[in-house]
$ cat input17.tsv   # TSV, C-alpha atoms
chain	number	residue	atom	x	y	z
H	1	MET	CA	84.81	30.92	-158.78
H	2	PRO	CA	83.73	34.59	-159.18
H	3	GLN	CA	85.00	35.38	-155.67
H	4	LEU	CA	88.59	34.90	-156.77
H	5	ASP	CA	88.40	37.24	-159.75
H	6	ILE	CA	90.78	40.00	-158.73
H	7	SER	CA	89.61	42.35	-161.47
H	8	VAL	CA	86.30	43.00	-159.67
H	9	PHE	CA	87.92	43.65	-156.26
H	10	PRO	CA	88.40	47.43	-156.67
H	11	THR	CA	84.80	48.15	-157.51
H	12	GLN	CA	83.54	46.05	-154.58
H	13	LEU	CA	85.96	47.69	-152.17
H	14	PHE	CA	85.11	51.15	-153.48
H	15	TRP	CA	81.37	50.71	-153.14
H	16	LEU	CA	81.66	48.88	-149.83
H	17	ALA	CA	83.69	51.75	-148.39
H	18	LEU	CA	81.35	54.37	-149.82
H	19	ILE	CA	78.11	52.72	-148.72
H	20	PHE	CA	79.37	51.54	-145.34
H	21	ILE	CA	80.80	54.93	-144.38
H	22	ALA	CA	77.66	56.71	-145.57
H	23	LEU	CA	75.50	54.27	-143.62
H	24	TYR	CA	77.68	54.66	-140.54
H	25	LEU	CA	77.54	58.45	-140.68
H	26	ILE	CA	73.78	58.59	-141.22
H	27	LEU	CA	73.03	56.07	-138.47
H	28	TRP	CA	75.51	57.66	-136.08
H	29	LYS	CA	74.55	61.32	-136.65
H	30	VAL	CA	70.88	61.20	-137.63
H	31	ALA	CA	69.05	57.93	-137.12
H	32	LEU	CA	70.35	56.50	-133.85
H	33	PRO	CA	70.12	59.79	-131.90
H	34	ARG	CA	66.39	59.71	-132.60
H	35	VAL	CA	66.07	56.29	-131.05
H	36	THR	CA	68.22	57.35	-128.09
H	37	GLU	CA	66.18	60.51	-127.65
H	38	VAL	CA	62.86	58.64	-127.66
H	39	ARG	CA	64.12	56.01	-125.25
H	40	GLU	CA	65.56	58.63	-122.91
H	41	SER	CA	62.42	60.75	-122.92
H	42	ARG	CA	60.43	57.59	-122.20
H	43	GLN	CA	62.77	56.77	-119.33
H	44	VAL	CA	62.42	60.30	-117.94
H	45	ARG	CA	58.66	60.12	-118.33
H	46	ILE	CA	58.45	56.78	-116.56
H	47	GLU	CA	60.60	58.05	-113.71
H	48	SER	CA	58.60	61.25	-113.32
H	49	ASP	CA	55.37	59.25	-113.44
H	50	LEU	CA	56.68	56.93	-110.76
H	51	GLU	CA	57.66	59.93	-108.65
H	52	LYS	CA	54.26	61.47	-109.16
H	53	ALA	CA	52.58	58.20	-108.24
H	54	GLU	CA	54.74	58.01	-105.11
H	55	ALA	CA	53.78	61.57	-104.15
H	56	LEU	CA	50.11	60.85	-104.79
H	57	LYS	CA	50.34	57.71	-102.71
H	58	THR	CA	51.83	59.64	-99.79
H	59	GLU	CA	49.12	62.25	-100.19
H	60	ALA	CA	46.42	59.59	-100.28
H	61	GLU	CA	47.84	57.98	-97.18
H	62	ALA	CA	47.85	61.33	-95.39
H	63	ALA	CA	44.26	61.91	-96.49
H	64	LEU	CA	43.31	58.46	-95.25
H	65	ALA	CA	44.96	59.10	-91.87
H	66	ASP	CA	43.18	62.46	-91.72
H	67	TYR	CA	39.90	60.83	-92.56
H	68	GLU	CA	40.37	58.14	-89.97
H	69	ARG	CA	41.23	60.70	-87.31
H	70	THR	CA	38.14	62.74	-88.21
H	71	ILE	CA	36.01	59.61	-88.05
H	72	ALA	CA	37.48	58.71	-84.67
H	73	GLU	CA	36.84	62.24	-83.39
H	74	ALA	CA	33.31	62.23	-84.72
H	75	THR	CA	32.64	58.84	-83.15
H	76	ALA	CA	33.97	60.03	-79.80
H	77	LYS	CA	31.87	63.19	-80.06
H	78	ALA	CA	28.78	61.23	-80.99
H	79	GLN	CA	29.30	58.86	-78.08
H	80	ASP	CA	29.69	61.84	-75.76
H	81	SER	CA	26.49	63.37	-77.11
H	82	VAL	CA	24.62	60.10	-76.72
H	83	ARG	CA	25.89	59.70	-73.16
H	84	GLU	CA	24.98	63.32	-72.36
H	85	ALA	CA	21.52	62.94	-73.87
H	86	ALA	CA	20.95	59.72	-71.98
H	87	ARG	CA	22.04	61.35	-68.74
H	88	LYS	CA	19.79	64.38	-69.38
H	89	MET	CA	16.86	62.17	-70.28
H	90	ALA	CA	17.34	60.13	-67.14
H	91	GLU	CA	17.52	63.34	-65.09
H	92	ASP	CA	14.39	64.75	-66.72
H	93	ALA	CA	12.55	61.50	-66.22
H	94	GLU	CA	13.53	61.48	-62.55
H	95	GLN	CA	12.45	65.07	-62.11
H	96	GLN	CA	9.16	64.42	-63.80
H	97	ARG	CA	8.66	61.29	-61.74
H	98	ASP	CA	9.43	63.22	-58.54
H	99	ALA	CA	7.10	66.04	-59.54
H	100	LEU	CA	4.38	63.57	-60.40
H	101	ALA	CA	4.91	61.71	-57.14
H	102	ALA	CA	4.76	65.00	-55.21
H	103	ARG	CA	1.60	66.03	-57.03
H	104	LEU	CA	0.04	62.65	-56.48
H	105	SER	CA	0.90	62.66	-52.78
H	106	ASP	CA	-0.51	66.20	-52.50
H	107	GLN	CA	-3.68	65.11	-54.22
H	108	LEU	CA	-3.77	62.03	-52.01
H	109	THR	CA	-3.40	64.09	-48.87
H	110	GLU	CA	-6.08	66.48	-50.07
H	111	ALA	CA	-8.39	63.63	-50.99
H	112	GLU	CA	-7.82	62.01	-47.63
H	113	LYS	CA	-8.53	65.29	-45.90
H	114	ARG	CA	-11.66	65.72	-47.94
H	115	ILE	CA	-12.73	62.19	-47.10
H	116	SER	CA	-12.13	62.70	-43.42
H	117	ASP	CA	-13.98	66.03	-43.55
H	118	GLU	CA	-16.83	64.36	-45.33
H	119	LYS	CA	-16.71	61.58	-42.83
H	120	GLU	CA	-16.81	63.99	-39.86
H	121	ARG	CA	-19.53	65.94	-41.51
H	122	ALA	CA	-21.42	62.75	-42.22
H	123	ILE	CA	-20.88	61.57	-38.68
H	124	SER	CA	-22.11	64.87	-37.23
H	125	GLU	CA	-25.04	64.83	-39.60
H	126	ILE	CA	-25.74	61.23	-38.61
H	127	GLY	CA	-26.01	62.44	-35.01
H	128	GLU	CA	-28.47	65.11	-35.97
H	129	ILE	CA	-30.46	62.76	-38.20
H	130	ALA	CA	-30.41	60.13	-35.47
H	131	ALA	CA	-31.60	62.73	-32.95
H	132	ASP	CA	-34.37	63.80	-35.29
H	133	LEU	CA	-35.30	60.17	-35.90
H	134	THR	CA	-35.20	59.50	-32.14
H	135	GLN	CA	-37.41	62.49	-31.51
H	136	ALA	CA	-39.85	61.42	-34.21
H	137	ALA	CA	-39.77	57.80	-33.12
H	138	ALA	CA	-40.28	58.75	-29.50
H	139	THR	CA	-43.21	60.96	-30.49
H	140	ARG	CA	-44.74	58.07	-32.34
H	141	LEU	CA	-43.98	55.50	-29.68
H	142	ILE	CA	-44.67	57.30	-26.54
H	143	GLY	CA	-46.91	59.99	-27.92
H	144	SER	CA	-45.06	62.79	-26.24
H	145	GLU	CA	-42.55	65.12	-27.51
H	146	ILE	CA	-39.00	64.85	-26.24
H	147	SER	CA	-36.71	67.77	-26.23
H	148	GLN	CA	-33.99	68.22	-28.70
H	149	GLU	CA	-31.31	68.11	-25.99
H	150	ASP	CA	-32.55	64.78	-24.67
H	151	ALA	CA	-32.59	63.26	-28.09
H	152	ASN	CA	-29.10	64.49	-28.77
H	153	ALA	CA	-27.86	63.18	-25.44
H	154	ALA	CA	-29.45	59.80	-26.07
H	155	VAL	CA	-27.93	59.56	-29.50
H	156	ALA	CA	-24.53	60.59	-28.20
H	157	ALA	CA	-24.77	58.01	-25.46
H	158	VAL	CA	-25.63	55.27	-27.95
H	159	MET	CA	-22.92	56.34	-30.32
H	160	ARG	CA	-20.34	56.33	-27.54
H	161	GLU	CA	-21.49	52.85	-26.56
H	162	SER	CA	-21.24	51.46	-30.07
H	163	ALA	CA	-18.01	53.25	-30.88
M	1	MET	CA	68.66	26.10	-167.03
M	2	ALA	CA	71.64	23.91	-166.24
M	3	THR	CA	73.86	26.77	-165.21
M	4	SER	CA	76.64	26.57	-162.67
M	5	PRO	CA	75.55	26.97	-159.05
M	6	LEU	CA	78.29	29.55	-158.77
M	7	GLU	CA	76.80	31.76	-161.43
M	8	GLN	CA	74.76	33.61	-158.81
M	9	PHE	CA	77.98	34.99	-157.36
M	10	GLU	CA	79.10	36.63	-160.57
M	11	ILE	CA	79.72	40.36	-160.52
M	12	LYS	CA	77.89	42.02	-163.38
M	13	THR	CA	78.65	45.58	-164.37
M	14	LEU	CA	75.53	47.72	-164.56
M	15	ILE	CA	77.03	51.17	-165.08
M	16	PRO	CA	80.69	51.29	-166.12
M	17	LEU	CA	82.67	53.79	-164.10
M	18	ASN	CA	86.35	54.61	-164.06
M	19	LEU	CA	88.06	56.60	-161.35
M	20	GLY	CA	91.67	57.51	-162.01
M	21	GLY	CA	92.29	54.42	-164.09
M	22	VAL	CA	90.68	52.12	-161.53
M	23	ASP	CA	87.50	50.26	-162.49
M	24	VAL	CA	84.84	51.23	-159.96
M	25	SER	CA	81.82	50.30	-162.06
M	26	PHE	CA	78.42	50.22	-160.48
M	27	THR	CA	77.72	46.47	-160.33
M	28	ASN	CA	75.01	44.19	-159.02
M	29	SER	CA	77.03	44.02	-155.80
M	30	SER	CA	76.97	47.82	-155.53
M	31	LEU	CA	73.27	47.81	-156.30
M	32	TYR	CA	72.52	45.46	-153.40
M	33	MET	CA	74.71	47.53	-151.08
M	34	VAL	CA	72.69	50.60	-152.06
M	35	VAL	CA	69.44	48.68	-151.51
M	36	THR	CA	70.73	47.54	-148.10
M	37	PHE	CA	71.63	51.13	-147.27
M	38	VAL	CA	68.18	52.38	-148.27
M	39	LEU	CA	66.42	49.60	-146.36
M	40	ILE	CA	68.38	50.17	-143.14
M	41	VAL	CA	68.01	53.94	-143.21
M	42	GLY	CA	64.35	53.56	-144.16
M	43	PHE	CA	63.80	51.00	-141.42
M	44	VAL	CA	65.19	53.24	-138.70
M	45	MET	CA	63.89	56.58	-140.00
M	46	LEU	CA	60.37	55.41	-140.85
M	47	GLY	CA	60.16	53.39	-137.67
M	48	MET	CA	61.12	56.40	-135.56
M	49	ARG	CA	59.00	58.82	-137.59
M	50	GLN	CA	56.42	59.34	-134.86
M	51	ARG	CA	58.93	59.24	-131.98
M	52	ALA	CA	56.08	57.91	-129.93
M	53	LEU	CA	56.30	57.46	-126.19
M	54	VAL	CA	54.26	54.30	-126.63
M	55	PRO	CA	55.71	52.74	-129.78
M	56	ASN	CA	53.71	51.07	-132.52
M	57	ARG	CA	54.90	47.74	-133.94
M	58	PHE	CA	57.24	49.31	-136.47
M	59	GLN	CA	58.90	51.57	-133.92
M	60	CYS	CA	59.04	48.60	-131.56
M	61	ALA	CA	61.02	46.63	-134.16
M	62	VAL	CA	63.51	49.48	-134.53
M	63	GLU	CA	63.87	49.87	-130.77
M	64	LEU	CA	64.20	46.11	-130.42
M	65	SER	CA	67.16	46.03	-132.82
M	66	TYR	CA	68.65	49.02	-131.02
M	67	GLU	CA	68.25	47.35	-127.65
M	68	PHE	CA	69.57	44.04	-128.99
M	69	ILE	CA	72.86	45.61	-130.07
M	70	ALA	CA	73.04	47.85	-127.00
M	71	ASN	CA	72.68	44.83	-124.72
M	72	LEU	CA	75.18	42.85	-126.76
M	73	LEU	CA	77.71	45.64	-126.40
M	74	ARG	CA	77.02	46.14	-122.70
M	75	ASP	CA	77.30	42.42	-121.94
M	76	THR	CA	80.60	41.98	-123.75
M	77	VAL	CA	82.37	45.32	-123.33
M	78	GLY	CA	80.54	47.08	-120.52
M	79	ASN	CA	79.70	50.76	-120.27
M	80	GLU	CA	82.90	51.95	-121.99
M	81	GLY	CA	81.59	50.26	-125.12
M	82	ARG	CA	78.85	52.85	-125.56
M	83	LYS	CA	80.83	54.97	-127.99
M	84	TYR	CA	81.32	52.02	-130.33
M	85	PHE	CA	77.58	51.42	-130.48
M	86	PRO	CA	76.95	53.23	-133.80
M	87	PHE	CA	79.70	51.21	-135.46
M	88	ILE	CA	78.52	47.84	-134.11
M	89	PHE	CA	74.93	48.72	-135.00
M	90	THR	CA	75.93	49.70	-138.54
M	91	LEU	CA	78.03	46.56	-138.90
M	92	PHE	CA	75.29	44.25	-137.64
M	93	MET	CA	72.55	45.84	-139.71
M	94	PHE	CA	74.71	45.97	-142.84
M	95	VAL	CA	75.64	42.30	-142.63
M	96	LEU	CA	72.15	41.21	-141.53
M	97	PHE	CA	70.32	43.09	-144.29
M	98	GLY	CA	72.92	42.00	-146.85
M	99	ASN	CA	72.49	38.38	-145.83
M	100	LEU	CA	68.69	38.53	-145.73
M	101	LEU	CA	68.48	40.43	-149.00
M	102	GLY	CA	70.52	37.65	-150.57
M	103	MET	CA	67.78	35.22	-149.62
M	104	THR	CA	65.36	36.73	-152.13
M	105	PRO	CA	65.35	34.77	-155.40
M	106	TYR	CA	67.51	36.14	-158.26
M	107	SER	CA	69.21	38.53	-155.87
M	108	PHE	CA	72.88	38.97	-155.15
M	109	THR	CA	74.54	38.43	-151.77
M	110	PHE	CA	77.46	40.84	-151.37
M	111	THR	CA	78.51	39.12	-148.12
M	112	SER	CA	79.26	35.99	-150.14
M	113	HIS	CA	82.36	37.69	-151.52
M	114	ILE	CA	85.53	37.21	-149.53
M	115	VAL	CA	86.85	40.62	-150.57
M	116	VAL	CA	83.87	42.34	-148.90
M	117	THR	CA	83.94	40.31	-145.68
M	118	PHE	CA	87.74	40.49	-145.49
M	119	ALA	CA	87.69	44.26	-145.98
M	120	LEU	CA	85.25	44.60	-143.10
M	121	ALA	CA	87.31	42.21	-140.96
M	122	ILE	CA	90.64	43.87	-141.66
M	123	VAL	CA	89.22	47.30	-140.87
M	124	ILE	CA	87.93	45.92	-137.57
M	125	PHE	CA	91.26	44.20	-136.89
M	126	ILE	CA	93.32	47.30	-137.58
M	127	GLY	CA	90.92	49.52	-135.70
M	128	VAL	CA	90.93	47.26	-132.65
M	129	THR	CA	94.73	47.02	-132.69
M	130	ILE	CA	95.06	50.81	-132.85
M	131	LEU	CA	92.54	51.07	-130.03
M	132	GLY	CA	94.59	48.64	-127.93
M	133	PHE	CA	97.82	50.59	-128.49
M	134	ALA	CA	96.14	53.92	-127.89
M	135	LYS	CA	94.74	52.71	-124.60
M	136	HIS	CA	97.68	50.67	-123.25
M	137	GLY	CA	100.75	51.74	-125.24
M	138	PHE	CA	103.43	49.06	-125.39
M	139	HIS	CA	101.77	47.35	-122.48
M	140	PHE	CA	99.39	46.05	-125.14
M	141	PHE	CA	102.00	43.38	-125.98
M	142	SER	CA	101.28	41.74	-122.64
M	143	PHE	CA	98.07	40.63	-124.33
M	144	PHE	CA	100.14	37.95	-126.07
M	145	LEU	CA	101.17	36.39	-122.78
M	146	PRO	CA	98.41	34.99	-120.58
M	147	PRO	CA	99.04	36.12	-116.98
M	148	GLY	CA	100.69	33.57	-114.69
M	149	THR	CA	102.46	31.68	-117.48
M	150	PRO	CA	105.67	30.00	-116.25
M	151	LEU	CA	108.83	31.26	-117.96
M	152	PRO	CA	109.66	28.02	-119.83
M	153	MET	CA	106.29	28.20	-121.57
M	154	TRP	CA	106.86	31.70	-122.97
M	155	PRO	CA	108.58	30.68	-126.23
M	156	LEU	CA	105.69	28.37	-126.95
M	157	LEU	CA	102.77	30.52	-125.87
M	158	ILE	CA	103.77	33.88	-127.33
M	159	PRO	CA	103.90	32.62	-130.96
M	160	ILE	CA	100.60	30.80	-130.46
M	161	GLU	CA	98.93	33.95	-129.10
M	162	VAL	CA	100.39	36.12	-131.86
M	163	ILE	CA	99.26	33.73	-134.56
M	164	SER	CA	95.79	33.42	-133.07
M	165	TYR	CA	95.59	37.22	-132.90
M	166	LEU	CA	96.73	37.64	-136.49
M	167	SER	CA	94.31	35.01	-137.75
M	168	ARG	CA	91.35	36.90	-136.35
M	169	PRO	CA	90.52	38.87	-139.52
M	170	ILE	CA	90.83	35.66	-141.56
M	171	SER	CA	88.54	33.60	-139.35
M	172	LEU	CA	86.09	36.48	-139.02
M	173	SER	CA	85.83	37.08	-142.76
M	174	VAL	CA	86.03	33.46	-143.92
M	175	ARG	CA	83.31	32.39	-141.48
M	176	LEU	CA	80.77	34.81	-142.95
M	177	PHE	CA	81.88	34.38	-146.56
M	178	ALA	CA	81.96	30.57	-146.38
M	179	ASN	CA	78.56	30.35	-144.72
M	180	MET	CA	76.97	32.51	-147.37
M	181	LEU	CA	78.79	30.79	-150.22
M	182	ALA	CA	78.01	27.27	-149.03
M	183	GLY	CA	74.39	28.00	-148.17
M	184	HIS	CA	73.58	29.64	-151.48
M	185	THR	CA	75.46	27.04	-153.51
M	186	LEU	CA	73.69	24.21	-151.71
M	187	LEU	CA	70.31	25.83	-152.30
M	188	LYS	CA	71.10	26.25	-155.97
M	189	VAL	CA	72.37	22.68	-156.38
M	190	ILE	CA	69.35	21.14	-154.69
M	191	ALA	CA	67.00	23.46	-156.54
M	192	GLY	CA	68.58	22.14	-159.75
M	193	PHE	CA	67.37	18.65	-158.87
M	194	VAL	CA	63.77	19.82	-158.64
M	195	ALA	CA	63.52	20.25	-162.40
M	196	LEU	CA	65.69	17.21	-163.15
M	197	LEU	CA	63.65	14.69	-161.14
M	198	GLY	CA	60.27	15.61	-162.61
M	199	VAL	CA	57.46	14.37	-160.33
M	200	PHE	CA	59.93	13.26	-157.69
M	201	GLY	CA	61.20	16.80	-157.64
M	202	VAL	CA	58.89	17.42	-154.66
M	203	VAL	CA	61.49	15.77	-152.45
M	204	PRO	CA	64.32	18.22	-153.23
M	205	PHE	CA	61.71	20.97	-153.33
M	206	ALA	CA	60.68	20.23	-149.74
M	207	PHE	CA	64.35	20.13	-148.89
M	208	VAL	CA	64.87	23.55	-150.46
M	209	VAL	CA	61.97	24.95	-148.42
M	210	VAL	CA	63.49	23.65	-145.20
M	211	LEU	CA	66.96	24.82	-146.21
M	212	THR	CA	65.64	28.30	-146.99
M	213	GLY	CA	64.36	28.54	-143.44
M	214	LEU	CA	67.72	27.36	-142.18
M	215	GLU	CA	69.52	29.87	-144.38
M	216	ILE	CA	67.44	32.73	-142.98
M	217	LEU	CA	68.46	31.58	-139.52
M	218	ILE	CA	72.11	31.45	-140.63
M	219	ALA	CA	71.79	34.91	-142.19
M	220	PHE	CA	70.80	36.25	-138.80
M	221	LEU	CA	73.24	34.11	-136.86
M	222	GLN	CA	76.26	35.12	-138.95
M	223	ALA	CA	75.43	38.80	-138.60
M	224	TYR	CA	75.14	38.23	-134.86
M	225	VAL	CA	78.45	36.33	-134.73
M	226	PHE	CA	80.15	39.05	-136.74
M	227	ALA	CA	78.88	41.72	-134.35
M	228	ILE	CA	79.59	39.80	-131.15
M	229	LEU	CA	83.14	38.90	-132.21
M	230	THR	CA	83.81	42.55	-133.02
M	231	CYS	CA	82.53	43.41	-129.52
M	232	LEU	CA	84.82	40.79	-128.00
M	233	TYR	CA	87.81	42.14	-129.92
M	234	ILE	CA	87.03	45.64	-128.68
M	235	ASN	CA	86.74	44.26	-125.16
M	236	ASP	CA	90.13	42.55	-125.49
M	237	ALA	CA	91.72	45.76	-126.73
M	238	LEU	CA	90.21	47.77	-123.86
M	239	HIS	CA	90.77	45.33	-121.02
M	240	LEU	CA	93.53	43.03	-122.35
M	241	HIS	CA	93.01	39.86	-120.32

$ encode --input "input17.tsv" --output "structure tokens"
Amino acid sequence: MPQLDISVFPTQLFWLALIFIALYLILWKVALPRVTEVRESRQVRIESDLEKAEALKTEAEAALADYERTIAEATAKAQDSVREAARKMAEDAEQQRDALAARLSDQLTEAEKRISDEKERAISEIGEIAADLTQAAATRLIGSEISQEDANAAVAAVMRESA
Amino acid sequence: MATSPLEQFEIKTLIPLNLGGVDVSFTNSSLYMVVTFVLIVGFVMLGMRQRALVPNRFQCAVELSYEFIANLLRDTVGNEGRKYFPFIFTLFMFVLFGNLLGMTPYSFTFTSHIVVTFALAIVIFIGVTILGFAKHGFHFFSFFLPPGTPLPMWPLLIPIEVISYLSRPISLSVRLFANMLAGHTLLKVIAGFVALLGVFGVVPFAFVVVLTGLEILIAFLQAYVFAILTCLYINDALHLH
């Protein structure tokens, strides 16, 4: 069995010691620190990114709250404006309606006055026309002229009777 | 063709060297140690070449091995074990690459030599013992007496504990050496049947294929066992019971 050949022990021990110590030193001093460094920088980066994300989240939440408050304010303001406009419009409409009603009643009064004037005038003219007709009719019927006063009196009498 | 299955373990001198009357020739064993050294350093250095924040597959493999050993050490020893990390990492990688390299055909497995595994084990044993004494002084001897043992049991238990402690380097080195020796010998023996049986050689051939897979698993497992036992010994030295 080659494993039990003592004559090859020194060379194996010598090279084992040499290679193992060299490997240990290189890994310990050069190679492994690189791995450690990369892993640590990654850890730091992840932590800082998480912190940043946390900060951004807080900021976003603040912005959202701000936005919601602005929206609420704007809504309240808009509702106020709408209410105000509605109130103003109602007021205006009322005023206009009142003005229109006043104008209409004025016009009505005026029209009524004009009608009654016309009526009076017509009535007085009817008297005159009736007197003239009476005069003319009497002339034709009885062949004699009757005075204006008599005709008027007769017409007035008849009108009083029929009134 | 019909060579001994043990021939693969023979040490062949490649470059004769003599240091103060001692034969330290560069042999096939030395060659595979150098190859292991180059592969491990290359693996870590090339993998970490970019030092990327987001690692590529190669860097991921390096970081995975790093994390594997770091977790192993943390789980067995705790945070005080951090300073032994480079040693455990070197040990694990050296044994693992040595074992795996031995799986390539016509190669040499330096971990199949008891002198190599025993040298590693005895260094670990002595180192751990020194560590225990440095940390606890003579209180370290209390390690040989499980706490709460009744006085009549002392004469029985102390020798048992001392013997089990002293047999650590033997069990540690023989486990690795025997696994490598047995696995490679078995592969060689069964591979010998492939040529002998002619057409029916497919049966041992299939067996060799399966065994090769198993051997790769064992190569990894033994490196892992070697590393984890070293961690446990360090833990014992630091914390006693």

$ closest_atom_pairs --input "input17.tsv" --of "chain M" --to "chain H" --cutoff "9 Å" --atoms "all atoms listed in the file" --output "CSV"
residue,atom,partner,partner_atom,distance
M:Leu6,CA,H:Met1,CA,6.7
M:Glu7,CA,H:Pro2,CA,7.8
M:Phe9,CA,H:Pro2,CA,6.0
M:Glu10,CA,H:Pro2,CA,5.2
M:Ile11,CA,H:Val8,CA,7.1
M:Leu17,CA,H:Thr11,CA,8.9
M:Val22,CA,H:Pro10,CA,7.1
M:Asp23,CA,H:Thr11,CA,6.0
M:Val24,CA,H:Thr11,CA,3.9
M:Ser25,CA,H:Thr11,CA,5.8
M:Phe26,CA,H:Thr11,CA,7.3
M:Thr27,CA,H:Thr11,CA,7.8
M:Ser29,CA,H:Gln12,CA,6.9
M:Ser30,CA,H:Trp15,CA,5.8
M:Met33,CA,H:Ile19,CA,6.6
M:Val34,CA,H:Ile19,CA,6.7
M:Phe37,CA,H:Leu23,CA,6.2
M:Val38,CA,H:Leu23,CA,8.9
M:Ile40,CA,H:Leu23,CA,8.2
M:Val41,CA,H:Leu27,CA,7.2
M:Val44,CA,H:Ala31,CA,6.3
M:Met45,CA,H:Ala31,CA,6.1
M:Met48,CA,H:Val35,CA,6.7
M:Arg49,CA,H:Arg34,CA,9.0
M:Arg51,CA,H:Val38,CA,5.9
M:Ala52,CA,H:Val38,CA,7.2
M:Leu53,CA,H:Arg42,CA,5.7
M:Val54,CA,H:Arg42,CA,8.3
M:Val62,CA,H:Val35,CA,8.1
M:Glu63,CA,H:Val35,CA,6.8
M:Tyr66,CA,H:Val35,CA,7.7
M:Phe85,CA,H:Trp28,CA,8.6
M:Pro86,CA,H:Trp28,CA,5.2
M:Phe87,CA,H:Tyr24,CA,6.5
M:Phe89,CA,H:Leu27,CA,8.3
M:Thr90,CA,H:Tyr24,CA,5.6
M:Leu91,CA,H:Phe20,CA,8.3
M:Phe94,CA,H:Phe20,CA,7.7
M:Phe110,CA,H:Gln12,CA,8.6
M:Ser112,CA,H:Gln3,CA,8.0
M:His113,CA,H:Gln3,CA,5.4
M:Ile114,CA,H:Gln3,CA,6.4
M:Val115,CA,H:Phe9,CA,6.5
M:Val116,CA,H:Leu13,CA,6.6
M:Ala119,CA,H:Leu13,CA,7.3
M:Leu120,CA,H:Leu16,CA,8.7

$ residues_around --input "input17.tsv" --residues "Asn71 of chain M" --least-positions-apart "2" --cutoff "12 Å" --atoms "all atoms listed in the file" --output "VMD selection string"
chain M and resid 63 to 69 73 to 79 81 to 82 85 88 to 89 227 to 228 231

$ residues_around --input "input17.tsv" --residues "Leu240 of chain M" --least-positions-apart "4" --cutoff "9 Å" --atoms "all atoms listed in the file" --output "list in words"
Gly132, His136, Phe140, Ser142, Phe143, Asn235 and Asp236 of chain M

$ atom_distance --input "input17.tsv" --atom1 "atom CA of Leu186 of chain M" --atom2 "atom CA of Ile170 of chain M"
23.0 Å

$ residues_around --input "input17.tsv" --residues "segment 206-215 of chain M" --least-positions-apart "4" --cutoff "7 Å" --atoms "only C-alpha atoms" --output "PyMOL selection string"
chain M and resi 183+187+190-191+202+219

$ residues_around --input "input17.tsv" --residues "Ala154 of chain H" --least-positions-apart "5" --cutoff "12 Å" --atoms "only C-alpha atoms" --output "VMD selection string"
chain H and resid 127 to 128 130 to 135 138 146 to 149 159 to 161

$ closest_residue --input "input17.tsv" --among "M:Thr230, M:Asn28, M:Gln59, M:Thr13" --to "Gly42 of chain M" --atoms "all atoms listed in the file"
M:Gln59

$ closest_residue --input "input17.tsv" --among "M:Ala134, M:Met180, M:Leu238, M:Leu166" --to "Val95 of chain M" --atoms "all atoms listed in the file"
M:Met180

$ closest_residue --input "input17.tsv" --among "M:Trp154, M:Phe58, M:Tyr84, M:Tyr224" --to "Gly127 of chain M" --atoms "all atoms listed in the file"
M:Tyr84

$ atom_distance --input "input17.tsv" --atom1 "atom CA of Arg168 of chain M" --atom2 "atom CA of Thr117 of chain M"
12.4 Å

$ atom_distance --input "input17.tsv" --atom1 "atom CA of Thr104 of chain M" --atom2 "atom CA of Val199 of chain M"
25.1 Å
